[in-house]
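Colleague: Before I ask anything, here is the structure I am working with.
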Amino acid sequence: MSKMHVKMTVNGKEVEGLAEPRTLLIHFLRENQRLTGPHIGCDTGHCGACTVDMDGKSVKSCMTFVGQSNGKSVTTIEGIAHPDGTLHALQEAFREHHGLQCGFCTPGMITRAHRLLQENPSPTEEEIRYGISGNLCRCTGYQNIVKAITVAADMLNAQEAAE
């Protein structure tokens, strides 16, 4: 099969490569870009472990062809931390409030929560639960995930108010 030239911005950096049109974005990110944060879970779009942000929307990268990402901006879990390496409020809150156990769902969960808090900076518990409903966790029972997102929202709102 012939390969297509793909060019996109990944975590703020212009990248390009050759890929077969049937290549999934998750494979391009993991194999071509060496970004192993997004996980391959179910391969059906149900679990959300592969969630990335593409042009301001959460997408399941296991269900997105690399050609659909051509010319777009993609953010993975690796792009959420601050450029100096310090953790984003969500990452810090997940760590501090035990929002993870095995960690398999965590990259997709945090990436989705990041977009959720951009869409709704002060979500209720119900809105958080609905907002992350496309991301499955088989370990935590979601209580600490919801708590971590709530704490992160409060931290981000306090930072914004201070500025």
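Here, A, B, ... name the chains of the structure tokens in the order displayed, residue numbers run from 1 inside each chain, and ligands are numbered from 1 in the same displayed order.
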So which residues touch A:Ser69 within 8 Å, counting only C-alpha atoms, skipping near sequence neighbours fewer than 6 positions away, as a VMD selection string?
Modeller: chain A and resid 8 25 54
Colleague: Can those selected residues be exported to a file as a PDB file, in the first residue's frame so that it contains all heavy atoms?
Modeller:
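As written to disk, out04.pdb reads:
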ATOM      1  N   MET A   8       1.524  17.420  11.059  1.00  0.00           N
ATOM      2  CA  MET A   8       0.627  17.915  12.104  1.00  0.00           C
ATOM      3  C   MET A   8       1.462  18.527  13.216  1.00  0.00           C
ATOM      4  O   MET A   8       2.687  18.414  13.222  1.00  0.00           O
ATOM      5  CB  MET A   8      -0.256  16.787  12.646  1.00  0.00           C
ATOM      6  CG  MET A   8       0.494  15.701  13.364  1.00  0.00           C
ATOM      7  SD  MET A   8      -0.534  14.315  13.883  1.00  0.00           S
ATOM      8  CE  MET A   8      -0.602  13.378  12.376  1.00  0.00           C
ATOM      9  N   LEU A  25      -4.144   6.874  14.277  1.00  0.00           N
ATOM     10  CA  LEU A  25      -3.390   7.924  14.944  1.00  0.00           C
ATOM     11  C   LEU A  25      -2.613   7.380  16.137  1.00  0.00           C
ATOM     12  O   LEU A  25      -1.475   7.759  16.371  1.00  0.00           O
ATOM     13  CB  LEU A  25      -4.325   9.062  15.371  1.00  0.00           C
ATOM     14  CG  LEU A  25      -3.693  10.217  16.141  1.00  0.00           C
ATOM     15  CD1 LEU A  25      -2.563  10.872  15.337  1.00  0.00           C
ATOM     16  CD2 LEU A  25      -4.752  11.231  16.528  1.00  0.00           C
ATOM     17  N   MET A  54      -7.573  16.807  19.845  1.00  0.00           N
ATOM     18  CA  MET A  54      -7.263  17.186  18.467  1.00  0.00           C
ATOM     19  C   MET A  54      -8.090  18.413  18.100  1.00  0.00           C
ATOM     20  O   MET A  54      -9.326  18.347  18.070  1.00  0.00           O
ATOM     21  CB  MET A  54      -7.552  16.038  17.498  1.00  0.00           C
ATOM     22  CG  MET A  54      -7.100  16.336  16.078  1.00  0.00           C
ATOM     23  SD  MET A  54      -7.080  14.890  15.005  1.00  0.00           S
ATOM     24  CE  MET A  54      -8.824  14.580  14.816  1.00  0.00           C
TER      25      MET A  54
END
Colleague: I'd like to know which of A:Ile77, A:Ile110, A:Cys105, A:Ala49 is closest to A:Leu35, using only C-alpha atoms.
Modeller: A:Ile77
Colleague: If you run DSSP on this backbone, which residues of stretch 41-95 of chain A come out as helix (DSSP H, G or I), and could you give them as a list in words?
Modeller: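 These are the residues in question: Val66, Gly67, Gln68, Ser69, Ile77, Glu78, Gly79, Ala89, Leu90, Gln91, Glu92, Ala93, Phe94 and Arg95 of chain A.
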Colleague: Any idea what's packed within 12 Å of A:Cys50, counting only C-alpha atoms, ignoring anything in its chain fewer than 6 positions away? Could you give it as a VMD selection string?
Modeller: chain A and resid 24 to 27 29 to 30 35 to 44 58 to 64 75 to 77 104 to 112 134 to 136
Colleague: Name the closest residue to A:Gln91 among the candidates A:Leu116, A:Thr124, A:Asn144, A:Ala152; distances are taken between atoms, counting only C-alpha atoms.
Modeller: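 Using only C-alpha atoms, A:Gln91 sits closest to A:Ala152.
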Colleague: Write out as a ChimeraX atom specification all residues of stretch 17-146 of chain A that backbone DSSP assigns to strand (DSSP E).
Modeller: /A:17-19,51-54,57-60,73-75
Colleague: Grab the atom CA of A:Ser73 to atom CA of A:Val10 distance for me, in Å with one decimal place.
Modeller: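 Distance reported for this atom pair: 6.0 Å.
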Colleague: For each of A:Ala158, A:Gln33, A:Thr51, A:Asn120, take the minimum atom-to-atom distance to A:Lys13, counting only C-alpha atoms, then give the residue where this is smallest.
Modeller: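 Ranking A:Ala158, A:Gln33, A:Thr51, A:Asn120 by distance to A:Lys13, first place goes to A:Gln33.
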Colleague: Pick out the closest residue to A:Gln101 from this set: A:Lys72, A:His88, A:Arg129, A:Arg138. Count only C-alpha atoms.
Modeller: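 Among the listed residues, A:Arg138 lies closest to A:Gln101.
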Colleague: So, with only C-alpha atoms as the atoms that count, which of A:Gly99, A:Ile149, A:Glu92, A:Glu14 lies closest to A:Leu117?
Modeller: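 The shortest atom-to-atom distance to A:Leu117 comes from A:Ile149.
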Colleague: Counting only C-alpha atoms, figure out which residue out of A:Lys147, A:Lys57, A:Arg34, A:His5 gets nearest to A:Pro123.
Modeller: A:Lys147
Colleague: Expressed in Å to a single decimal, how great is the separation between atom CA of A:Thr9 and atom CA of A:His114?
Modeller: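 Atom-to-atom, atom CA of A:Thr9 and atom CA of A:His114 are spaced 18.0 Å apart.
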Colleague: Can you pull out the residues contacting A:Glu160? Cut-off 12 Å, using only C-alpha atoms, and skip same-chain residues under 6 positions away; I want them as number ranges by chain.
Modeller: A: 121, 153-154
Colleague: Based on the selection just made, write N, CA, C and O atoms of those residues as a CSV table (one decimal), in the first residue's frame.
Modeller:
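Ended up saving to selection.csv:
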chain,number,residue,atom,x,y,z
A,121,PRO,N,-14.9,25.3,33.3
A,121,PRO,CA,-13.9,25.4,34.3
A,121,PRO,C,-14.4,25.1,35.7
A,121,PRO,O,-13.6,24.9,36.6
A,153,ALA,N,-9.8,21.6,39.2
A,153,ALA,CA,-10.6,22.8,38.8
A,153,ALA,C,-10.5,23.9,39.8
A,153,ALA,O,-10.3,25.1,39.4
A,154,ASP,N,-10.6,23.6,41.1
A,154,ASP,CA,-10.4,24.7,42.1
A,154,ASP,C,-9.1,25.3,42.0
A,154,ASP,O,-8.9,26.5,42.1
Colleague: Report, in Å to a single decimal, how far apart atom CA of A:Asn32 and atom CA of A:Cys137 are.
Modeller: 27.3 Å
